[in-house]
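Undergrad: Coordinates in start18.txt, compact mmCIF, C-alpha atoms, are listed below.
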# COMPACT_ATOMS: atom_id res chain seq x y z
CA MET A 217 1.91 6.67 28.53
CA VAL A 218 3.75 3.39 29.13
CA GLU A 219 3.25 1.45 32.34
CA LYS A 220 4.63 -1.86 33.59
CA TYR A 221 2.66 -4.83 34.79
CA GLU A 222 3.30 -8.46 35.66
CA ASP A 223 1.96 -11.13 33.35
CA ASN A 224 0.53 -14.44 34.51
CA VAL A 225 3.96 -15.97 35.12
CA GLY A 226 5.28 -13.07 37.15
CA LYS A 227 7.44 -11.61 34.41
CA GLU A 228 7.45 -7.84 34.15
CA THR A 229 6.08 -6.65 30.82
CA LEU A 230 5.41 -3.28 29.21
CA MET A 231 1.81 -2.17 28.83
CA ILE A 232 0.54 0.64 26.64
CA GLU A 233 -2.29 2.59 28.21
CA ARG A 234 -4.91 3.00 25.49
CA LYS A 235 -6.61 6.18 26.62
CA HIS A 236 -8.58 6.76 23.40
CA TYR A 237 -10.28 3.38 23.60
CA LEU A 238 -10.92 3.68 27.34
CA SER A 239 -12.71 6.93 26.54
CA GLU A 240 -14.71 5.18 23.82
CA LEU A 241 -15.83 2.58 26.36
CA GLN A 242 -17.04 5.28 28.72
CA LYS A 243 -18.91 7.13 25.94
CA THR A 244 -20.59 3.93 24.82
CA PHE A 245 -21.86 3.11 28.31
CA GLU A 246 -23.35 6.60 28.54
CA ILE A 247 -25.70 5.57 25.71
CA HIS A 248 -26.04 1.77 25.83
CA PRO A 249 -26.28 -0.84 28.62
CA ILE A 250 -24.02 -3.16 26.61
CA CYS A 251 -20.64 -2.30 25.10
CA ALA A 252 -19.07 -4.78 22.68
CA VAL A 253 -15.32 -4.46 22.16
CA LEU A 254 -14.42 -6.34 18.99
CA GLY A 255 -11.01 -6.94 17.50
CA PRO A 256 -8.59 -9.67 16.43
CA ARG A 257 -7.35 -12.29 18.84
CA GLN A 258 -4.65 -11.05 21.25
CA CYS A 259 -4.93 -7.38 20.26
CA GLY A 260 -5.38 -6.27 23.90
CA LYS A 261 -9.15 -6.50 24.51
CA THR A 262 -8.82 -8.29 27.85
CA THR A 263 -6.14 -5.87 29.07
CA LEU A 264 -8.34 -2.93 28.06
CA ALA A 265 -11.31 -4.42 29.94
CA LYS A 266 -9.23 -4.98 33.08
CA THR A 267 -7.84 -1.44 32.90
CA TYR A 268 -11.38 -0.07 32.62
CA ALA A 269 -12.53 -2.32 35.47
CA LYS A 270 -9.99 -0.70 37.81
CA THR A 271 -12.09 2.49 37.68
CA LEU A 272 -15.16 0.67 39.04
CA GLN A 273 -16.05 -0.74 42.44
CA THR A 274 -17.79 -3.97 41.44
CA VAL A 275 -16.84 -6.07 38.40
CA HIS A 276 -17.56 -9.70 37.56
CA PHE A 277 -15.32 -11.24 34.91
CA PHE A 278 -16.13 -14.36 32.86
CA ASP A 279 -13.59 -15.73 30.40
CA LEU A 280 -15.24 -18.25 28.07
CA GLU A 281 -11.86 -19.85 27.40
CA ASN A 282 -11.79 -20.82 31.08
CA PRO A 283 -13.74 -24.10 31.57
CA GLN A 284 -14.93 -23.01 35.02
CA ASP A 285 -16.36 -19.72 33.74
CA LEU A 286 -17.86 -21.51 30.77
CA ALA A 287 -19.59 -23.94 33.12
CA LEU A 288 -20.95 -21.08 35.25
CA LEU A 289 -22.64 -19.61 32.18
CA GLU A 290 -24.17 -22.92 31.10
CA SER A 291 -27.13 -21.74 33.20
CA PRO A 292 -27.00 -17.93 32.83
CA SER A 293 -30.44 -17.50 34.40
CA ILE A 294 -28.97 -18.84 37.65
CA THR A 295 -25.56 -17.12 37.56
CA LEU A 296 -26.19 -13.62 36.20
CA PRO A 297 -29.35 -12.18 37.85
CA ALA A 298 -27.76 -11.99 41.33
CA LEU A 299 -24.70 -10.04 40.15
CA ASN A 300 -24.36 -6.27 40.58
CA GLY A 301 -21.96 -3.86 38.92
CA LEU A 302 -20.32 -4.40 35.55
CA ILE A 303 -20.38 -7.91 34.07
CA VAL A 304 -17.55 -8.66 31.62
CA ILE A 305 -17.82 -11.64 29.27
CA ASP A 306 -14.64 -12.36 27.31
CA GLU A 307 -14.56 -14.27 23.99
CA ILE A 308 -18.31 -13.96 23.55
CA GLN A 309 -18.13 -15.54 20.07
CA PHE A 310 -17.89 -18.95 21.77
CA ARG A 311 -21.41 -18.52 23.24
CA PRO A 312 -23.56 -16.41 20.88
CA ASP A 313 -26.59 -18.18 22.37
CA LEU A 314 -26.17 -15.88 25.41
CA PHE A 315 -27.30 -12.81 23.47
CA PRO A 316 -31.09 -13.34 23.85
CA TYR A 317 -30.72 -13.68 27.62
CA LEU A 318 -28.50 -10.59 27.84
CA ARG A 319 -31.24 -8.71 26.02
CA PHE A 320 -33.80 -9.95 28.56
CA LEU A 321 -31.60 -8.87 31.48
CA VAL A 322 -30.88 -5.34 30.25
CA ASP A 323 -34.55 -4.85 29.37
CA ASN A 324 -35.61 -5.83 32.90
CA SER A 325 -32.81 -4.46 35.08
CA ASP A 326 -30.12 -1.79 35.23
CA LYS A 327 -27.29 -4.25 34.56
CA LYS A 328 -24.39 -3.30 32.31
CA PHE A 329 -22.35 -5.75 30.25
CA LEU A 330 -18.95 -5.40 28.63
CA ILE A 331 -18.62 -8.16 26.04
CA LEU A 332 -15.37 -8.88 24.23
CA GLY A 333 -15.19 -10.74 20.94
CA SER A 334 -12.69 -11.76 18.30
CA ALA A 335 -15.15 -11.63 15.43
CA SER A 336 -17.00 -8.75 13.80
CA GLN A 337 -20.67 -8.06 14.39
CA ASP A 338 -21.34 -9.37 10.88
CA LEU A 339 -19.72 -12.69 11.80
CA ILE A 340 -21.56 -12.76 15.15
CA ARG A 341 -24.93 -12.05 13.57
CA GLN A 342 -26.87 -12.84 16.73
CA SER A 343 -25.28 -9.78 18.36
CA SER A 344 -26.36 -7.24 15.78
CA GLU A 345 -29.81 -8.79 15.46
CA THR A 346 -30.71 -9.74 19.04
CA LEU A 347 -29.16 -6.75 20.81
CA ALA A 348 -30.16 -4.06 18.33
CA GLY A 349 -30.62 -0.72 20.09
CA ARG A 350 -29.02 -2.00 23.28
CA VAL A 351 -25.38 -2.42 22.28
CA GLY A 352 -22.68 -0.03 21.12
CA TYR A 353 -19.57 -1.27 19.33
CA VAL A 354 -15.94 -0.31 19.82
CA GLU A 355 -13.40 -1.80 17.42
CA LEU A 356 -10.03 -2.31 19.07
CA PRO A 357 -7.14 -2.75 16.63
CA PRO A 358 -3.59 -3.76 17.52
CA PHE A 359 -1.34 -0.89 18.70
CA GLN A 360 -1.52 2.13 16.42
CA LEU A 361 1.18 4.68 15.63
CA TRP A 362 -0.33 7.53 17.66
CA GLU A 363 -0.39 5.27 20.74
CA ILE A 364 3.23 4.12 20.68
CA ASN A 365 5.10 6.81 18.67
CA ASN A 366 7.58 4.38 17.12
CA MET A 367 6.87 4.10 13.41
CA PRO A 368 9.82 1.88 12.33
CA ILE A 369 9.04 -0.85 14.89
CA ASN A 370 5.28 -0.52 14.46
CA TRP A 371 5.57 -0.89 10.67
CA MET A 372 8.06 -3.76 10.75
CA ARG A 373 6.52 -5.84 13.58
CA GLY A 374 2.89 -4.74 13.36
CA GLY A 375 0.80 -3.75 16.35
CA PHE A 376 -0.08 -6.98 18.16
CA PRO A 377 1.21 -6.36 21.71
CA LYS A 378 3.36 -9.48 22.03
CA SER A 379 4.89 -8.88 18.61
CA PHE A 380 5.48 -5.17 19.06
CA LEU A 381 6.81 -5.45 22.63
CA ALA A 382 9.06 -8.48 22.01
CA ASP A 383 12.66 -7.88 23.10
CA SER A 384 14.07 -8.93 19.70
CA ASP A 385 13.03 -9.10 16.05
CA ASP A 386 13.50 -12.86 16.13
CA LYS A 387 11.09 -13.34 19.05
CA SER A 388 8.59 -11.01 17.38
CA GLU A 389 8.75 -13.04 14.17
CA ARG A 390 8.38 -16.36 15.99
CA TRP A 391 5.35 -15.04 17.88
CA ARG A 392 3.66 -14.02 14.61
CA ILE A 393 4.34 -17.38 12.97
CA ASP A 394 2.82 -19.14 15.99
CA TYR A 395 -0.14 -16.71 15.92
CA ILE A 396 -0.93 -17.55 12.30
CA ARG A 397 -0.75 -21.28 12.97
CA THR A 398 -2.87 -21.11 16.13
CA PHE A 399 -5.45 -18.90 14.45
CA LEU A 400 -5.87 -21.41 11.64
CA GLU A 401 -5.61 -24.66 13.59
CA ARG A 402 -7.44 -23.78 16.82
CA ASP A 403 -9.23 -20.44 16.91
CA MET A 404 -11.43 -20.90 13.84
CA ALA A 405 -12.62 -24.32 14.97
CA ARG A 406 -13.42 -22.99 18.45
CA MET A 407 -15.58 -20.27 16.87
CA GLY A 408 -17.51 -22.98 15.06
CA ILE A 409 -16.19 -21.97 11.63
CA ASP A 410 -16.08 -25.05 9.42
CA ILE A 411 -13.19 -24.68 6.99
CA SER A 412 -10.30 -26.61 5.51
CA VAL A 413 -7.22 -25.42 7.42
CA THR A 414 -5.01 -26.27 4.44
CA ASN A 415 -7.14 -24.28 2.00
CA MET A 416 -7.45 -21.33 4.35
CA ARG A 417 -3.68 -21.26 4.87
CA ARG A 418 -3.11 -21.30 1.07
CA LEU A 419 -5.69 -18.58 0.51
CA TRP A 420 -4.31 -16.32 3.26
CA ASN A 421 -0.84 -16.60 1.75
CA MET A 422 -2.19 -15.89 -1.73
CA LEU A 423 -4.07 -12.84 -0.44
CA ALA A 424 -0.77 -11.52 0.95
CA HIS A 425 0.47 -11.43 -2.66
CA TYR A 426 -2.69 -9.52 -3.64
CA HIS A 427 -2.08 -6.98 -0.83
CA GLY A 428 -2.93 -3.52 -2.17
CA GLN A 429 -4.36 -4.95 -5.39
CA LEU A 430 -7.83 -5.66 -6.73
CA SER A 431 -9.44 -8.84 -5.48
CA ASN A 432 -9.98 -11.41 -8.22
CA VAL A 433 -12.05 -14.17 -6.66
CA SER A 434 -12.43 -16.07 -9.91
CA GLU A 435 -8.66 -16.21 -10.39
CA LEU A 436 -8.14 -17.31 -6.80
CA ALA A 437 -10.81 -20.01 -7.17
CA ARG A 438 -9.12 -21.40 -10.29
CA SER A 439 -5.70 -21.37 -8.63
CA MET A 440 -7.00 -23.21 -5.56
CA ASP A 441 -9.39 -25.53 -7.42
CA MET A 442 -12.24 -24.30 -5.26
CA SER A 443 -15.62 -22.85 -6.12
CA HIS A 444 -16.08 -19.10 -6.43
CA LYS A 445 -18.62 -19.26 -3.57
CA ALA A 446 -16.22 -21.12 -1.25
CA VAL A 447 -13.34 -18.68 -1.84
CA LYS A 448 -15.66 -15.72 -1.28
CA ARG A 449 -16.80 -17.30 2.02
CA TYR A 450 -13.21 -17.82 3.17
CA ILE A 451 -12.33 -14.21 2.32
CA ASP A 452 -15.37 -12.96 4.25
CA ILE A 453 -14.33 -15.07 7.27
CA LEU A 454 -10.82 -13.54 7.26
CA GLU A 455 -12.40 -10.09 7.04
CA GLY A 456 -14.83 -10.91 9.87
CA CYS A 457 -11.91 -11.99 12.07
CA PHE A 458 -10.10 -8.67 11.38
CA MET A 459 -7.27 -10.32 9.45
CA ILE A 460 -7.90 -8.60 6.11
CA ARG A 461 -9.60 -5.46 4.88
CA GLN A 462 -11.71 -5.35 1.74
CA LEU A 463 -11.66 -1.70 0.73
CA ARG A 464 -14.69 -0.99 -1.42
CA PRO A 465 -14.56 1.10 -4.61
CA TRP A 466 -16.20 4.50 -4.89
CA PHE A 467 -18.47 5.02 -7.88
CA GLU A 468 -18.58 8.54 -9.21
CA ASN A 469 -21.33 9.61 -11.61
CA ILE A 470 -19.00 10.31 -14.50
CA SER A 471 -18.62 8.87 -17.99
CA LYS A 472 -15.46 6.86 -17.20
CA ARG A 473 -15.88 3.14 -16.50
CA GLN A 474 -14.80 2.32 -12.98
CA THR A 475 -13.52 -0.73 -11.14
CA LYS A 476 -16.11 -2.71 -9.14
CA SER A 477 -13.87 -5.19 -7.30
CA PRO A 478 -12.60 -4.37 -3.78
CA LYS A 479 -8.92 -4.02 -2.92
CA ILE A 480 -7.43 -6.50 -0.47
CA TYR A 481 -5.14 -5.57 2.43
CA ILE A 482 -3.63 -7.68 5.20
CA ARG A 483 -4.56 -5.44 8.11
CA ASP A 484 -1.52 -5.92 10.35
CA SER A 485 1.81 -5.14 8.70
CA GLY A 486 3.69 -7.63 10.88
CA ILE A 487 1.34 -10.47 9.91
CA PHE A 488 1.72 -9.40 6.26
CA HIS A 489 5.51 -9.65 6.50
CA SER A 490 5.30 -13.08 8.16
CA LEU A 491 2.90 -14.44 5.54
CA LEU A 492 5.36 -13.46 2.83
CA GLY A 493 8.38 -14.65 4.81
CA ILE A 494 9.94 -11.17 4.89
CA ALA A 495 12.40 -10.56 7.71
CA SER A 496 11.51 -7.22 9.30
CA LYS A 497 14.96 -5.76 8.87
CA ASN A 498 14.90 -6.54 5.13
CA ILE A 499 11.57 -4.96 4.20
CA HIS A 500 13.26 -1.90 2.67
CA LEU A 501 14.97 -4.14 0.11
CA HIS A 502 11.94 -6.28 -0.74
CA PRO A 503 9.86 -5.82 -3.93
CA LYS A 504 6.74 -5.61 -1.74
CA CYS A 505 8.11 -2.67 0.28
CA GLY A 506 5.85 -0.13 -1.45
CA ALA A 507 2.77 -2.32 -0.98
CA SER A 508 3.70 -2.89 2.67
CA TRP A 509 4.01 0.86 3.24
CA GLU A 510 0.67 1.52 1.54
CA GLY A 511 -1.16 -0.99 3.71
CA TYR A 512 0.47 0.16 6.94
CA ALA A 513 -0.14 3.86 6.29
CA LEU A 514 -3.70 3.25 5.07
CA GLU A 515 -4.62 1.30 8.23
CA THR A 516 -3.03 4.01 10.39
CA ILE A 517 -5.05 6.77 8.71
CA ILE A 518 -8.33 4.82 8.81
CA HIS A 519 -8.05 3.87 12.48
CA HIS A 520 -7.02 7.36 13.53
CA MET A 521 -9.89 9.06 11.68
CA ASP A 522 -12.47 6.36 12.30
CA ASN A 523 -15.87 7.31 13.58
CA LYS A 524 -19.43 6.32 12.79
CA ARG A 525 -19.84 9.18 10.29
CA THR A 526 -16.69 8.60 8.23
CA GLU A 527 -16.63 6.49 5.07
CA TYR A 528 -13.60 4.97 3.31
CA TYR A 529 -13.15 3.91 -0.30
CA PHE A 530 -10.61 3.66 -3.09
CA TRP A 531 -11.25 4.91 -6.61
CA ARG A 532 -10.04 3.52 -9.91
CA THR A 533 -11.09 3.78 -13.53
CA GLU A 534 -10.59 1.01 -16.07
CA LYS A 535 -8.09 3.26 -17.87
CA GLY A 536 -5.86 3.27 -14.79
CA ALA A 537 -6.56 6.54 -12.97
CA GLU A 538 -6.78 5.78 -9.26
CA LEU A 539 -6.74 7.06 -5.70
CA ASP A 540 -5.49 4.86 -2.85
CA LEU A 541 -7.95 6.17 -0.25
CA LEU A 542 -11.00 8.42 -0.47
CA VAL A 543 -12.33 9.62 2.89
CA LEU A 544 -15.79 11.17 3.15
CA GLN A 545 -15.95 13.13 6.38
CA ASN A 546 -18.02 16.10 7.54
CA GLY A 547 -19.09 16.91 4.00
CA GLN A 548 -15.51 16.92 2.70
CA ARG A 549 -13.77 14.66 0.20
CA LEU A 550 -10.24 13.92 1.34
CA GLY A 551 -7.89 11.96 -0.90
CA TYR A 552 -4.78 10.05 0.18
CA GLU A 553 -1.96 8.53 -1.82
CA PHE A 554 0.72 6.42 -0.10
CA LYS A 555 4.20 6.61 -1.62
CA TYR A 556 7.38 5.01 -0.34
CA SER A 557 9.44 7.97 -1.54
CA GLU A 558 11.06 11.06 -0.03
CA HIS A 559 10.18 13.19 -3.09
CA PRO A 560 6.93 12.07 -4.73
CA LYS A 561 5.75 13.94 -7.80
CA MET A 562 2.31 14.96 -9.03
CA THR A 563 1.06 12.36 -11.50
CA LYS A 564 -1.57 12.28 -14.24
CA SER A 565 -3.61 9.93 -12.06
CA MET A 566 -3.58 12.45 -9.19
CA HIS A 567 -4.76 15.22 -11.53
CA SER A 568 -7.62 12.95 -12.65
CA ALA A 569 -8.62 12.21 -9.06
CA MET A 570 -8.61 15.91 -8.14
CA GLU A 571 -10.74 16.79 -11.16
CA ASP A 572 -13.14 13.84 -11.33
CA LEU A 573 -13.73 13.45 -7.60
CA LYS A 574 -13.64 17.19 -6.78
CA LEU A 575 -11.35 16.59 -3.82
CA ASP A 576 -11.12 19.23 -1.10
CA ARG A 577 -7.59 18.07 -0.37
CA LEU A 578 -5.13 15.46 -1.62
CA THR A 579 -2.41 14.30 0.77
CA ILE A 580 0.54 12.17 -0.33
CA ILE A 581 1.75 10.21 2.69
CA THR A 582 5.45 9.27 2.87
CA PRO A 583 7.70 7.64 5.50
CA GLY A 584 9.98 10.68 5.49
CA THR A 585 10.07 13.67 7.81
CA ARG A 586 9.33 16.56 5.42
CA SER A 587 5.94 18.11 4.74
CA TYR A 588 5.35 20.65 1.98
CA PRO A 589 2.76 21.76 -0.63
CA LEU A 590 2.99 20.16 -4.06
CA GLY A 591 0.20 22.08 -5.76
CA GLU A 592 -3.16 23.71 -5.13
CA LYS A 593 -4.89 21.58 -2.47
CA VAL A 594 -2.12 18.96 -2.84
CA PHE A 595 0.35 18.30 -0.01
CA VAL A 596 3.19 15.92 0.74
CA GLU A 597 3.20 14.91 4.41
CA SER A 598 5.04 12.41 6.56
CA LEU A 599 2.74 9.88 8.22
CA GLU A 600 3.81 11.02 11.67
CA ASN A 601 3.12 14.70 10.88
CA THR A 602 -0.30 13.79 9.49
CA ILE A 603 -1.21 11.97 12.70
CA ARG A 604 -0.03 14.89 14.83
CA ALA A 605 -2.07 17.34 12.72
CA GLN A 606 -5.18 15.17 13.07
CA GLU A 607 -4.64 14.99 16.84
CA LYS A 608 -4.96 18.79 16.95
CA MET A 609 -8.11 18.68 14.78
CA TYR A 610 -9.90 16.13 16.96
Output the file's structure in the form of structure tokens.
TA:
Amino acid sequence: MVEKYEDNVGKETLMIERKHYLSELQKTFEIHPICAVLGPRQCGKTTLAKTYAKTLQTVHFFDLENPQDLALLESPSITLPALNGLIVIDEIQFRPDLFPYLRFLVDNSDKKFLILGSASQDLIRQSSETLAGRVGYVELPPFQLWEINNMPINWMRGGFPKSFLADSDDKSERWRIDYIRTFLERDMARMGIDISVTNMRRLWNMLAHYHGQLSNVSELARSMDMSHKAVKRYIDILEGCFMIRQLRPWFENISKRQTKSPKIYIRDSGIFHSLLGIASKNIHLHPKCGASWEGYALETIIHHMDNKRTEYYFWRTEKGAELDLLVLQNGQRLGYEFKYSEHPKMTKSMHSAMEDLKLDRLTIITPGTRSYPLGEKVFVESLENTIRAQEKMY
């Protein structure tokens, strides 16, 4: 469902109603007094919170980027106890010292808090430690394919609302370039992350070239003339801010030696294209087209299937047999390969994955429209058809 709303300068803008994540908010509050919505900067967390707030009678909203709201919460023991209804605190990563007091309040009252943050619970360690047992987490990604039903634009521009909804490719690209610069030059410092902006920019660009490949921290450290420990810290920061994914390897108890390094992906396809300087309309002609498709399709599958009981890995032996994505869900082993091809073929590597991992099903995801069986338990499916089939399952 697409609605229209007016932004803060009175200009009419499209808004995607994110029903799945609104439902996740409601389910979380049925269990916990605190719901933490975490996701990258400008992915739509504030809009989601305001949409949810419309269903309630009393809501108090604090934006920690607003100096007035920040000042009000300098003395939370004065401001918060008198408030009833839902209390929303946006950009919570700027004030992690609030967590102990939130714990005190929920333990001694019936207050409910919706906290929004642009860093993972691992990066905001005080949240996972101080609020243990009292908080439920909802990860909000940028727009996903099943929400907007426009794969070409979603793949080319990514899912950040202002990039996806821009009225031209040029404006979308300019927004993403500004986003990258602002993230590096302002957002990290405001979160208290002490880094070299120049080194982080170089590393992020280098990681874009590693997209879909094994991470080699030692090689990156040599190239950047930085220590192994410093590069690993920078990578973990990018992961904690939802900019990259480190997909961990699966280790099977078989005689073949297996890869231990994670694979690196830039999580948003639009950001990936901007880091590499690829114009959206030219992605089909670029050498990184296959890698771009793999990352986009992999993120789509993971976010659509994601729940607390599902695990995600890749698998690769040192002799080269590999599987792009291994999903462990409800006792099943589901394998996924991502091919930028209308007519992919069964490969030796796929046979090895089926045999060694004892897959219940192997699906080869393509950008095409056709879906058909390729062998026993092996199927070729378009990404859109796969999403529609999963919608029926869940």
Undergrad: Here is a test: counting all atoms listed in the file, which residue of A:Phe245, A:Tyr529, A:Phe376, A:Trp391 is nearest to Val354 (chain A)?
TA: A:Phe245
Undergrad: Got a sec: who's within 12 Å of Ala507 (chain A), counting all atoms listed in the file, leaving out chain neighbours fewer than 4 positions off, as a PyMOL selection string?
TA: chain A and resi 424-429+479-482+485+488-489+499-500+502-503+511-514+540+553-556
Undergrad: For the atom pair CA of Ser477 (chain A) and CA of Ser431 (chain A), what is the interatomic distance in Å to one decimal place?
TA: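 These atoms are spaced 6.0 Å apart.
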Undergrad: Any idea what's packed within 7 Å of Ser334 (chain A), counting all atoms listed in the file, ignoring anything in its chain fewer than 4 positions away? Could you give it as a list in words?
TA: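 Residues meeting the cut-off are Leu254, Gly255, Pro256, Arg257, Glu307, Gln309 and Cys457 of chain A.
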Undergrad: Nearest to Gly591 (chain A): which of A:Pro465, A:Arg438, A:Ser344, A:Met570 is it, counting only C-alpha atoms?
TA: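 Selected residue with least distance to Gly591 (chain A): A:Met570.
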Undergrad: Using all atoms listed in the file, pick whichever of A:Leu430, A:Ile232, A:Val596, A:Met404 has the shortest atom-to-atom distance to Pro377 (chain A).
TA: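 Of A:Leu430, A:Ile232, A:Val596, A:Met404, the one nearest Pro377 (chain A) is A:Ile232, counting all atoms listed in the file.
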